[in-house]
$ cat final.pdb   # PDB, C-alpha atoms, pLDDT in the B column
ATOM      1  CA  MET O   1      91.500  78.634 162.720  1.00 34.00           C
ATOM      2  CA  ARG O   2      89.382  78.295 165.825  1.00 36.00           C
ATOM      3  CA  ALA O   3      87.152  81.181 166.823  1.00 39.00           C
ATOM      4  CA  TRP O   4      85.028  82.112 169.801  1.00 40.00           C
ATOM      5  CA  ALA O   5      81.365  82.753 169.111  1.00 42.00           C
ATOM      6  CA  ILE O   6      79.204  84.196 171.888  1.00 39.00           C
ATOM      7  CA  ILE O   7      75.662  82.941 171.427  1.00 41.00           C
ATOM      8  CA  ALA O   8      72.937  83.735 173.956  1.00 42.00           C
ATOM      9  CA  GLY O   9      75.401  83.998 176.784  1.00 42.00           C
ATOM     10  CA  VAL O  10      77.068  80.669 176.025  1.00 43.00           C
ATOM     11  CA  VAL O  11      80.580  80.514 174.650  1.00 44.00           C
ATOM     12  CA  MET O  12      80.587  78.281 171.592  1.00 46.00           C
ATOM     13  CA  ILE O  13      84.042  77.004 170.662  1.00 42.00           C
ATOM     14  CA  PRO O  14      84.376  75.564 167.162  1.00 45.00           C
ATOM     15  CA  GLY O  15      86.257  72.316 167.617  1.00 44.00           C
ATOM     16  CA  VAL O  16      87.502  69.328 165.712  1.00 42.00           C
ATOM     17  CA  ALA O  17      85.585  66.260 164.651  1.00 43.00           C
ATOM     18  CA  GLY O  18      85.842  63.332 167.016  1.00 44.00           C
ATOM     19  CA  ALA O  19      86.413  65.430 170.138  1.00 43.00           C
ATOM     20  CA  GLN O  20      86.420  63.292 173.252  1.00 46.00           C
ATOM     21  CA  GLN O  21      83.043  63.080 174.986  1.00 53.00           C
ATOM     22  CA  SER O  22      84.759  63.656 178.318  1.00 59.00           C
ATOM     23  CA  SER O  23      86.066  66.998 177.048  1.00 57.00           C
ATOM     24  CA  LYS O  24      82.563  67.968 175.987  1.00 59.00           C
ATOM     25  CA  ASP O  25      81.227  67.058 179.410  1.00 64.00           C
ATOM     26  CA  VAL O  26      83.868  69.152 181.156  1.00 57.00           C
ATOM     27  CA  LEU O  27      83.140  72.166 178.959  1.00 55.00           C
ATOM     28  CA  ALA O  28      79.396  71.677 179.442  1.00 60.00           C
ATOM     29  CA  SER O  29      79.894  71.998 183.193  1.00 57.00           C
ATOM     30  CA  PHE O  30      81.290  75.486 182.508  1.00 54.00           C
ATOM     31  CA  GLY O  31      78.403  76.477 180.224  1.00 56.00           C
ATOM     32  CA  MET O  32      80.500  75.925 177.102  1.00 60.00           C
ATOM     33  CA  LYS O  33      80.055  73.721 174.052  1.00 63.00           C
ATOM     34  CA  ILE O  34      82.297  72.460 171.266  1.00 66.00           C
ATOM     35  CA  VAL O  35      80.681  72.986 167.872  1.00 71.00           C
ATOM     36  CA  GLU O  36      81.820  72.304 164.352  1.00 82.00           C
ATOM     37  CA  PRO O  37      81.915  75.162 161.816  1.00 91.00           C
ATOM     38  CA  MET O  38      79.066  74.857 159.335  1.00 93.00           C
ATOM     39  CA  THR O  39      79.604  73.496 155.865  1.00 95.00           C
ATOM     40  CA  ALA O  40      78.834  75.729 152.891  1.00 96.00           C
ATOM     41  CA  LYS O  41      75.508  73.925 152.450  1.00 97.00           C
ATOM     42  CA  GLU O  42      74.592  74.364 156.122  1.00 96.00           C
ATOM     43  CA  LEU O  43      75.570  78.033 156.020  1.00 97.00           C
ATOM     44  CA  ALA O  44      73.401  78.630 152.952  1.00 98.00           C
ATOM     45  CA  ALA O  45      70.418  77.028 154.714  1.00 98.00           C
ATOM     46  CA  THR O  46      71.092  79.081 157.842  1.00 98.00           C
ATOM     47  CA  ARG O  47      71.185  82.312 155.859  1.00 98.00           C
ATOM     48  CA  VAL O  48      67.797  81.418 154.373  1.00 98.00           C
ATOM     49  CA  ARG O  49      66.341  80.874 157.865  1.00 98.00           C
ATOM     50  CA  VAL O  50      67.789  84.172 159.097  1.00 98.00           C
ATOM     51  CA  ASP O  51      66.293  86.011 156.116  1.00 98.00           C
ATOM     52  CA  ALA O  52      62.956  84.312 156.809  1.00 98.00           C
ATOM     53  CA  GLU O  53      62.976  85.509 160.432  1.00 98.00           C
ATOM     54  CA  LEU O  54      63.780  89.071 159.367  1.00 98.00           C
ATOM     55  CA  ALA O  55      60.898  88.912 156.888  1.00 98.00           C
ATOM     56  CA  ARG O  56      58.538  87.446 159.512  1.00 97.00           C
ATOM     57  CA  SER O  57      59.366  90.217 161.969  1.00 98.00           C
ATOM     58  CA  GLY O  58      59.142  92.928 159.302  1.00 98.00           C
ATOM     59  CA  THR O  59      62.688  94.093 160.057  1.00 98.00           C
ATOM     60  CA  ALA O  60      64.591  93.075 156.915  1.00 98.00           C
ATOM     61  CA  ALA O  61      65.391  96.696 156.032  1.00 98.00           C
ATOM     62  CA  LEU O  62      66.802  97.315 159.510  1.00 98.00           C
ATOM     63  CA  PHE O  63      69.148  94.313 159.721  1.00 98.00           C
ATOM     64  CA  GLU O  64      72.004  92.876 157.675  1.00 97.00           C
ATOM     65  CA  ASN O  65      72.410  89.098 157.497  1.00 98.00           C
ATOM     66  CA  VAL O  66      75.984  88.524 158.725  1.00 97.00           C
ATOM     67  CA  SER O  67      75.817  84.750 159.202  1.00 97.00           C
ATOM     68  CA  ASP O  68      79.106  82.888 158.893  1.00 96.00           C
ATOM     69  CA  ALA O  69      80.404  79.368 159.485  1.00 95.00           C
ATOM     70  CA  ASN O  70      80.154  79.858 163.257  1.00 92.00           C
ATOM     71  CA  GLY O  71      76.432  80.629 163.300  1.00 94.00           C
ATOM     72  CA  GLY O  72      73.420  82.523 162.024  1.00 97.00           C
ATOM     73  CA  ARG O  73      73.431  86.235 162.883  1.00 97.00           C
ATOM     74  CA  ALA O  74      71.891  89.524 161.833  1.00 98.00           C
ATOM     75  CA  ARG O  75      73.309  92.977 162.592  1.00 97.00           C
ATOM     76  CA  HIS O  76      71.060  95.940 163.385  1.00 98.00           C
ATOM     77  CA  ARG O  77      72.281  98.517 160.881  1.00 97.00           C
ATOM     78  CA  ALA O  78      71.799 101.574 163.088  1.00 97.00           C
ATOM     79  CA  SER O  79      73.349 100.340 166.349  1.00 97.00           C
ATOM     80  CA  GLY O  80      75.582  97.456 165.299  1.00 96.00           C
ATOM     81  CA  LEU O  81      73.833  95.003 167.653  1.00 97.00           C
ATOM     82  CA  VAL O  82      74.332  91.432 166.420  1.00 97.00           C
ATOM     83  CA  CYS O  83      71.473  89.015 167.143  1.00 97.00           C
ATOM     84  CA  PRO O  84      71.872  85.221 166.939  1.00 96.00           C
ATOM     85  CA  LEU O  85      69.225  83.893 164.552  1.00 98.00           C
ATOM     86  CA  GLY O  86      68.511  80.877 162.388  1.00 97.00           C
ATOM     87  CA  LYS O  87      67.763  78.305 165.092  1.00 96.00           C
ATOM     88  CA  LYS O  88      64.585  77.272 166.872  1.00 96.00           C
ATOM     89  CA  GLY O  89      63.838  79.668 169.723  1.00 97.00           C
ATOM     90  CA  GLN O  90      65.726  82.607 168.203  1.00 98.00           C
ATOM     91  CA  ARG O  91      63.746  85.612 167.006  1.00 98.00           C
ATOM     92  CA  VAL O  92      63.662  89.381 166.594  1.00 98.00           C
ATOM     93  CA  LEU O  93      61.271  90.961 169.089  1.00 98.00           C
ATOM     94  CA  ALA O  94      61.173  94.515 167.714  1.00 97.00           C
ATOM     95  CA  ALA O  95      63.293  96.998 165.798  1.00 98.00           C
ATOM     96  CA  SER O  96      63.369 100.539 164.459  1.00 98.00           C
ATOM     97  CA  MET O  97      66.125 103.029 163.688  1.00 97.00           C
ATOM     98  CA  ASP O  98      66.234 103.906 167.402  1.00 98.00           C
ATOM     99  CA  GLN O  99      66.037 100.489 169.082  1.00 98.00           C
ATOM    100  CA  ALA O 100      66.250  96.746 168.530  1.00 98.00           C
ATOM    101  CA  SER O 101      65.690  93.635 170.611  1.00 98.00           C
ATOM    102  CA  CYS O 102      66.044  89.903 170.080  1.00 98.00           C
ATOM    103  CA  GLU O 103      65.511  86.735 172.078  1.00 98.00           C
ATOM    104  CA  THR O 104      66.840  83.204 172.381  1.00 97.00           C
ATOM    105  CA  ARG O 105      64.885  80.514 174.242  1.00 96.00           C
ATOM    106  CA  ASP O 106      67.004  77.573 175.372  1.00 92.00           C
ATOM    107  CA  GLY O 107      64.795  75.170 177.293  1.00 92.00           C
ATOM    108  CA  SER O 108      63.487  77.025 180.344  1.00 91.00           C
ATOM    109  CA  THR O 109      66.098  79.780 180.022  1.00 92.00           C
ATOM    110  CA  VAL O 110      65.384  82.958 178.064  1.00 95.00           C
ATOM    111  CA  TYR O 111      68.062  85.389 176.877  1.00 95.00           C
ATOM    112  CA  LYS O 112      66.988  88.859 175.749  1.00 97.00           C
ATOM    113  CA  THR O 113      69.214  91.545 174.276  1.00 97.00           C
ATOM    114  CA  LYS O 114      68.075  95.109 173.643  1.00 98.00           C
ATOM    115  CA  VAL O 115      69.610  98.380 172.484  1.00 97.00           C
ATOM    116  CA  GLU O 116      68.074 101.831 172.405  1.00 98.00           C
ATOM    117  CA  ARG O 117      69.516 105.248 171.728  1.00 97.00           C
ATOM    118  CA  ALA O 118      70.897 106.697 174.940  1.00 97.00           C
ATOM    119  CA  PRO O 119      69.320 109.919 176.232  1.00 94.00           C
ATOM    120  CA  GLU O 120      71.531 112.981 175.983  1.00 94.00           C
ATOM    121  CA  GLY O 121      74.004 113.028 178.857  1.00 94.00           C
ATOM    122  CA  ALA O 122      73.329 109.398 179.817  1.00 95.00           C
ATOM    123  CA  THR O 123      75.930 107.722 182.029  1.00 94.00           C
ATOM    124  CA  LEU O 124      76.295 104.204 183.347  1.00 93.00           C
ATOM    125  CA  ASP O 125      74.892 105.321 186.701  1.00 92.00           C
ATOM    126  CA  THR O 126      71.807 106.975 185.194  1.00 95.00           C
ATOM    127  CA  VAL O 127      70.877 104.085 182.899  1.00 95.00           C
ATOM    128  CA  ALA O 128      71.467 101.555 185.699  1.00 93.00           C
ATOM    129  CA  ALA O 129      69.236 103.569 188.030  1.00 94.00           C
ATOM    130  CA  LYS O 130      66.457 103.557 185.418  1.00 95.00           C
ATOM    131  CA  ALA O 131      66.884  99.801 184.919  1.00 95.00           C
ATOM    132  CA  LEU O 132      66.467  99.278 188.663  1.00 93.00           C
ATOM    133  CA  THR O 133      63.341 101.464 188.740  1.00 95.00           C
ATOM    134  CA  ASP O 134      61.848  99.525 185.823  1.00 96.00           C
ATOM    135  CA  ALA O 135      62.679  96.180 187.463  1.00 95.00           C
ATOM    136  CA  GLN O 136      60.999  97.246 190.697  1.00 95.00           C
ATOM    137  CA  LYS O 137      57.759  97.751 188.745  1.00 96.00           C
ATOM    138  CA  GLU O 138      57.651  94.099 187.645  1.00 96.00           C
ATOM    139  CA  PRO O 139      55.078  91.911 189.461  1.00 96.00           C
ATOM    140  CA  GLY O 140      56.529  90.180 192.509  1.00 95.00           C
ATOM    141  CA  TYR O 141      59.831  92.071 192.367  1.00 95.00           C
ATOM    142  CA  ALA O 142      62.366  91.111 195.030  1.00 93.00           C
ATOM    143  CA  ALA O 143      66.047  92.011 195.011  1.00 90.00           C
ATOM    144  CA  SER O 144      68.435  89.089 194.731  1.00 86.00           C
ATOM    145  CA  GLY O 145      71.973  90.299 195.217  1.00 70.00           C
ATOM    146  CA  GLY O 146      71.227  93.883 194.176  1.00 53.00           C
ATOM    147  CA  VAL O 147      73.233  96.019 191.773  1.00 52.00           C
ATOM    148  CA  SER O 148      76.996  95.644 191.580  1.00 59.00           C
ATOM    149  CA  VAL O 149      79.491  97.520 189.454  1.00 51.00           C
ATOM    150  CA  THR O 150      81.208  94.684 187.644  1.00 61.00           C
ATOM    151  CA  GLY O 151      82.466  95.945 184.329  1.00 59.00           C
ATOM    152  CA  HIS O 152      85.940  97.347 184.183  1.00 61.00           C
ATOM    153  CA  PRO O 153      87.193  95.320 181.216  1.00 62.00           C
ATOM    154  CA  ARG O 154      90.824  94.965 180.307  1.00 63.00           C
ATOM    155  CA  PRO O 155      92.082  98.144 178.586  1.00 67.00           C
ATOM    156  CA  GLY O 156      92.032  97.719 174.830  1.00 65.00           C
ATOM    157  CA  SER O 157      89.327  95.048 174.869  1.00 69.00           C
ATOM    158  CA  GLY O 158      86.763  97.474 173.460  1.00 73.00           C
ATOM    159  CA  LEU O 159      84.166  96.206 175.938  1.00 80.00           C
ATOM    160  CA  PRO O 160      82.120  98.659 178.030  1.00 85.00           C
ATOM    161  CA  ASP O 161      81.839  99.126 181.765  1.00 87.00           C
ATOM    162  CA  HIS O 162      78.510  97.807 182.995  1.00 91.00           C
ATOM    163  CA  GLN O 163      76.381  97.118 186.039  1.00 91.00           C
ATOM    164  CA  THR O 164      74.554  93.927 186.947  1.00 91.00           C
ATOM    165  CA  LEU O 165      71.157  93.651 188.605  1.00 92.00           C
ATOM    166  CA  ARG O 166      69.808  90.365 189.976  1.00 91.00           C
ATOM    167  CA  PHE O 167      66.192  90.034 191.051  1.00 93.00           C
ATOM    168  CA  LEU O 168      63.107  87.833 191.203  1.00 94.00           C
ATOM    169  CA  SER O 169      59.777  88.633 189.542  1.00 95.00           C
ATOM    170  CA  ARG O 170      56.684  86.891 188.225  1.00 94.00           C
ATOM    171  CA  ILE O 171      56.573  86.383 184.457  1.00 91.00           C
ATOM    172  CA  ASP O 172      53.551  84.668 182.896  1.00 88.00           C
ATOM    173  CA  GLY O 173      52.476  83.659 186.391  1.00 89.00           C
ATOM    174  CA  HIS O 174      55.758  81.970 187.327  1.00 90.00           C
ATOM    175  CA  GLU O 175      58.541  83.206 189.583  1.00 93.00           C
ATOM    176  CA  ARG O 176      61.676  83.791 187.535  1.00 93.00           C
ATOM    177  CA  ALA O 177      65.206  84.755 188.486  1.00 92.00           C
ATOM    178  CA  SER O 178      66.704  87.444 186.260  1.00 93.00           C
ATOM    179  CA  ARG O 179      70.237  88.666 185.723  1.00 92.00           C
ATOM    180  CA  LEU O 180      70.179  92.007 183.931  1.00 94.00           C
ATOM    181  CA  GLN O 181      73.363  93.659 182.707  1.00 94.00           C
ATOM    182  CA  ILE O 182      73.388  97.190 181.358  1.00 95.00           C
ATOM    183  CA  GLY O 183      75.932  99.559 179.861  1.00 93.00           C
ATOM    184  CA  VAL O 184      76.383 102.397 177.377  1.00 93.00           C
ATOM    185  CA  VAL O 185      78.072 101.574 174.062  1.00 92.00           C
ATOM    186  CA  ARG O 186      78.749 104.210 171.385  1.00 91.00           C
ATOM    187  CA  GLY O 187      75.705 106.260 172.374  1.00 94.00           C
ATOM    188  CA  TRP O 188      73.391 103.259 172.800  1.00 96.00           C
ATOM    189  CA  VAL O 189      72.044 101.692 175.990  1.00 97.00           C
ATOM    190  CA  LEU O 190      72.706  97.949 175.819  1.00 97.00           C
ATOM    191  CA  THR O 191      70.753  95.560 178.046  1.00 97.00           C
ATOM    192  CA  GLU O 192      71.377  91.822 178.264  1.00 95.00           C
ATOM    193  CA  ARG O 193      68.930  89.803 180.365  1.00 96.00           C
ATOM    194  CA  ARG O 194      68.815  86.137 181.312  1.00 94.00           C
ATOM    195  CA  GLU O 195      65.648  84.680 182.869  1.00 94.00           C
ATOM    196  CA  THR O 196      65.513  81.243 184.514  1.00 92.00           C
ATOM    197  CA  PRO O 197      63.007  79.465 186.766  1.00 91.00           C
ATOM    198  CA  ASN O 198      63.605  80.348 190.410  1.00 88.00           C
ATOM    199  CA  THR O 199      64.881  77.116 191.914  1.00 78.00           C
ATOM    200  CA  ASN O 200      66.977  78.783 194.636  1.00 61.00           C
ATOM    201  CA  ALA O 201      69.975  77.043 193.090  1.00 55.00           C
ATOM    202  CA  GLN O 202      73.258  78.930 192.970  1.00 59.00           C
ATOM    203  CA  PRO O 203      74.222  79.978 189.419  1.00 60.00           C
ATOM    204  CA  SER O 204      77.302  78.427 187.861  1.00 57.00           C
ATOM    205  CA  SER O 205      80.314  80.489 188.900  1.00 61.00           C
ATOM    206  CA  MET O 206      81.926  79.971 185.492  1.00 65.00           C
ATOM    207  CA  SER O 207      78.716  81.033 183.756  1.00 66.00           C
ATOM    208  CA  GLU O 208      78.657  84.201 185.849  1.00 69.00           C
ATOM    209  CA  ILE O 209      82.316  84.927 185.091  1.00 70.00           C
ATOM    210  CA  LEU O 210      81.701  84.453 181.368  1.00 73.00           C
ATOM    211  CA  SER O 211      78.669  86.740 181.415  1.00 74.00           C
ATOM    212  CA  GLU O 212      80.703  89.478 183.079  1.00 73.00           C
ATOM    213  CA  ALA O 213      83.695  89.003 180.787  1.00 76.00           C
ATOM    214  CA  THR O 214      81.691  88.981 177.551  1.00 81.00           C
ATOM    215  CA  PHE O 215      79.123  91.730 178.151  1.00 84.00           C
ATOM    216  CA  GLY O 216      79.042  94.003 175.126  1.00 84.00           C
ATOM    217  CA  THR O 217      80.457  91.557 172.577  1.00 87.00           C
ATOM    218  CA  SER O 218      77.106  91.652 170.754  1.00 89.00           C
ATOM    219  CA  MET O 219      77.864  95.319 170.010  1.00 84.00           C
ATOM    220  CA  THR O 220      81.591  95.059 169.352  1.00 67.00           C
ATOM    221  CA  ALA O 221      81.963  91.846 167.332  1.00 55.00           C
ATOM    222  CA  GLN O 222      82.218  92.118 163.537  1.00 47.00           C
ATOM    223  CA  GLN O 223      82.315  95.914 163.542  1.00 47.00           C
TER     224      GLN O 223
END
$ encode --input "final.pdb" --output "structure tokens"
Amino acid sequence: MRAWAIIAGVVMIPGVAGAQQSSKDVLASFGMKIVEPMTAKELAATRVRVDAELARSGTAALFENVSDANGGRARHRASGLVCPLGKKGQRVLAASMDQASCETRDGSTVYKTKVERAPEGATLDTVAAKALTDAQKEPGYAASGGVSVTGHPRPGSGLPDHQTLRFLSRIDGHERASRLQIGVVRGWVLTERRETPNTNAQPSSMSEILSEATFGTSMTAQQ
């Protein structure tokens, strides 16, 4: 059975061996890839790498290794956040019982996901306002499209409403374009951020649609 795996903002579709290269190229233009499910041997090796990353970051007691044939993953026990791990560029940034964050570096693009316990009475508007205030404190901040209410997922999907903030800032001395999405899920504030070099290029419309449609899957998958 084919399954959809959301990894670092890219939809990975397990496919069949011998898929036509032209099909791969078409999917690549939409920010999608066809991947083969891992063999038992590959999965075992992936689980070892995930365990090694949890040990390196000192967070083994806070995460559960939930890797399967579609990829290496670890679930934060307290929040349910699932982080992609086991590949080069994937790591846990920090974790405790009250927060967790992880990162995937894919070339010049960086994806960061973070959860933290929501303050009492927190709403989408209040957490989005705080996210905007925090973004404005970053060096070289400049709005790029502003905040837009984008998340009203299909009823029954289990995905949360969210807001999206787009801005420019200087990170490690370089101007970067960030897309930051934020929402409240089961009493946790979930933030998903993508950083890319600022080339003034328009983002892929399909990539943007996918990011809006899949926000929150890292907190709802495999529950």
$ residues_around --input "final.pdb" --residues "range 61-67 of chain O" --least-positions-apart "4" --cutoff "8 Å" --atoms "all atoms listed in the file" --output "list of chain:residue names"
O:Leu43, O:Thr46, O:Arg47, O:Val50, O:Asp51, O:Leu54, O:Gly71, O:Gly72, O:Arg73, O:Ala74, O:Arg75, O:His76, O:Arg77, O:Ala78, O:Ala95, O:Ser96, O:Met97
$ atom_distance --input "final.pdb" --atom1 "CA of Leu81 in chain O" --atom2 "CA of Arg193 in chain O"
14.6 Å
$ closest_residue --input "final.pdb" --among "O:Glu175, O:Asp161, O:Glu192, O:Glu42" --to "Val115 in chain O" --atoms "only C-alpha atoms"
O:Glu192
$ axis_aligned_box --input "final.pdb" --around "range 103-106 of chain O" --padding-each-side "3 Å" --output "lines of an AutoDock Vina configuration file"
center_x = 65.9
center_y = 82.2
center_z = 173.7
size_x = 8.1
size_y = 15.2
size_z = 9.3
$ resolve_selection --input "final.pdb" --expression "the PyMOL selection byres ((chain O and resi 141) around 9)" --output "PyMOL selection string"
chain O and resi 135-140+142-143+167-170
$ write_last_selection --input "final.pdb" --atoms "C-alpha atoms" --output "PDB file, in the frame of the given file"
ATOM      1  CA  ALA O 135      62.679  96.180 187.463  1.00 95.00           C
ATOM      2  CA  GLN O 136      60.999  97.246 190.697  1.00 95.00           C
ATOM      3  CA  LYS O 137      57.759  97.751 188.745  1.00 96.00           C
ATOM      4  CA  GLU O 138      57.651  94.099 187.645  1.00 96.00           C
ATOM      5  CA  PRO O 139      55.078  91.911 189.461  1.00 96.00           C
ATOM      6  CA  GLY O 140      56.529  90.180 192.509  1.00 95.00           C
ATOM      7  CA  ALA O 142      62.366  91.111 195.030  1.00 93.00           C
ATOM      8  CA  ALA O 143      66.047  92.011 195.011  1.00 90.00           C
ATOM      9  CA  PHE O 167      66.192  90.034 191.051  1.00 93.00           C
ATOM     10  CA  LEU O 168      63.107  87.833 191.203  1.00 94.00           C
ATOM     11  CA  SER O 169      59.777  88.633 189.542  1.00 95.00           C
ATOM     12  CA  ARG O 170      56.684  86.891 188.225  1.00 94.00           C
TER      13      ARG O 170
END
$ atom_distance --input "final.pdb" --atom1 "CA of Trp188 in chain O" --atom2 "CA of Gln99 in chain O"
8.7 Å
$ closest_residue --input "final.pdb" --among "O:Thr191, O:Thr164, O:Thr214, O:Thr196" --to "Ala100 in chain O" --atoms "all atoms listed in the file"
O:Thr191
$ resolve_selection --input "final.pdb" --expression "the PyMOL selection byres ((chain O and resi 118-132) around 8)" --output "compact mmCIF listing (two decimals) with C-alpha atoms, keeping the file's coordinate frame"
# COMPACT_ATOMS: atom_id res chain seq x y z
CA GLU O 116 68.07 101.83 172.40
CA ARG O 117 69.52 105.25 171.73
CA THR O 133 63.34 101.46 188.74
CA ASP O 134 61.85 99.52 185.82
CA ALA O 135 62.68 96.18 187.46
CA GLN O 136 61.00 97.25 190.70
CA ASP O 161 81.84 99.13 181.76
CA HIS O 162 78.51 97.81 183.00
CA GLN O 163 76.38 97.12 186.04
CA LEU O 165 71.16 93.65 188.60
CA ILE O 182 73.39 97.19 181.36
CA GLY O 183 75.93 99.56 179.86
CA VAL O 184 76.38 102.40 177.38
CA GLY O 187 75.70 106.26 172.37
CA TRP O 188 73.39 103.26 172.80
CA VAL O 189 72.04 101.69 175.99
$ atom_distance --input "final.pdb" --atom1 "CA of Ala40 in chain O" --atom2 "CA of Ala69 in chain O"
7.7 Å
$ resolve_selection --input "final.pdb" --expression "the PyMOL selection byres ((chain O and resi 108) around 7)" --output "ChimeraX atom specification"
/O:106-107,109-110,196-197
$ closest_residue --input "final.pdb" --among "O:Asp68, O:Gly145, O:Glu103, O:Arg49" --to "Lys87 in chain O" --atoms "only C-alpha atoms"
O:Arg49
$ closest_residue --input "final.pdb" --among "O:Gly173, O:Arg91, O:Ala45, O:Arg166" --to "Gly58 in chain O" --atoms "all atoms listed in the file"
O:Arg91
$ closest_residue --input "final.pdb" --among "O:Pro160, O:Pro37, O:Pro84, O:Gly89" --to "Thr113 in chain O" --atoms "all atoms listed in the file"
O:Pro84
$ closest_residue --input "final.pdb" --among "O:Thr39, O:Thr59, O:Asn198, O:Ser101" --to "Val82 in chain O" --atoms "all atoms listed in the file"
O:Ser101
$ decode --input "final.pdb" --residues "range 57-63 of chain O" --atoms "all heavy atoms" --output "PDB file, in the first residue's frame"
ATOM      1  N   SER O  57      22.145  14.027  21.299  1.00  0.00           N
ATOM      2  CA  SER O  57      21.471  15.233  21.778  1.00  0.00           C
ATOM      3  C   SER O  57      21.038  15.129  23.239  1.00  0.00           C
ATOM      4  O   SER O  57      20.515  16.097  23.798  1.00  0.00           O
ATOM      5  CB  SER O  57      20.245  15.528  20.905  1.00  0.00           C
ATOM      6  OG  SER O  57      19.321  14.447  20.937  1.00  0.00           O
ATOM      7  N   GLY O  58      21.250  13.960  23.849  1.00  0.00           N
ATOM      8  CA  GLY O  58      20.874  13.779  25.247  1.00  0.00           C
ATOM      9  C   GLY O  58      19.379  13.763  25.475  1.00  0.00           C
ATOM     10  O   GLY O  58      18.907  14.128  26.554  1.00  0.00           O
ATOM     11  N   THR O  59      18.613  13.333  24.457  1.00  0.00           N
ATOM     12  CA  THR O  59      17.150  13.396  24.547  1.00  0.00           C
ATOM     13  C   THR O  59      16.487  12.028  24.427  1.00  0.00           C
ATOM     14  O   THR O  59      15.279  11.942  24.199  1.00  0.00           O
ATOM     15  CB  THR O  59      16.597  14.320  23.441  1.00  0.00           C
ATOM     16  OG1 THR O  59      16.979  13.802  22.149  1.00  0.00           O
ATOM     17  CG2 THR O  59      17.137  15.736  23.589  1.00  0.00           C
ATOM     18  N   ALA O  60      17.260  10.952  24.588  1.00  0.00           N
ATOM     19  CA  ALA O  60      16.714   9.613  24.384  1.00  0.00           C
ATOM     20  C   ALA O  60      15.518   9.321  25.290  1.00  0.00           C
ATOM     21  O   ALA O  60      14.582   8.623  24.886  1.00  0.00           O
ATOM     22  CB  ALA O  60      17.807   8.569  24.599  1.00  0.00           C
ATOM     23  N   ALA O  61      15.528   9.849  26.507  1.00  0.00           N
ATOM     24  CA  ALA O  61      14.428   9.584  27.434  1.00  0.00           C
ATOM     25  C   ALA O  61      13.171  10.365  27.077  1.00  0.00           C
ATOM     26  O   ALA O  61      12.078  10.040  27.553  1.00  0.00           O
ATOM     27  CB  ALA O  61      14.856   9.922  28.860  1.00  0.00           C
ATOM     28  N   LEU O  62      13.323  11.375  26.224  1.00  0.00           N
ATOM     29  CA  LEU O  62      12.201  12.253  25.889  1.00  0.00           C
ATOM     30  C   LEU O  62      11.536  11.892  24.565  1.00  0.00           C
ATOM     31  O   LEU O  62      10.455  12.398  24.254  1.00  0.00           O
ATOM     32  CB  LEU O  62      12.679  13.705  25.828  1.00  0.00           C
ATOM     33  CG  LEU O  62      13.238  14.257  27.146  1.00  0.00           C
ATOM     34  CD1 LEU O  62      13.980  15.564  26.900  1.00  0.00           C
ATOM     35  CD2 LEU O  62      12.114  14.462  28.155  1.00  0.00           C
ATOM     36  N   PHE O  63      12.185  11.025  23.783  1.00  0.00           N
ATOM     37  CA  PHE O  63      11.671  10.650  22.468  1.00  0.00           C
ATOM     38  C   PHE O  63      11.502   9.138  22.363  1.00  0.00           C
ATOM     39  O   PHE O  63      12.198   8.368  23.022  1.00  0.00           O
ATOM     40  CB  PHE O  63      12.631  11.096  21.362  1.00  0.00           C
ATOM     41  CG  PHE O  63      12.551  12.558  21.009  1.00  0.00           C
ATOM     42  CD1 PHE O  63      13.316  13.486  21.693  1.00  0.00           C
ATOM     43  CD2 PHE O  63      11.722  13.000  19.985  1.00  0.00           C
ATOM     44  CE1 PHE O  63      13.262  14.833  21.367  1.00  0.00           C
ATOM     45  CE2 PHE O  63      11.661  14.337  19.649  1.00  0.00           C
ATOM     46  CZ  PHE O  63      12.427  15.265  20.344  1.00  0.00           C
TER      47      PHE O  63
END
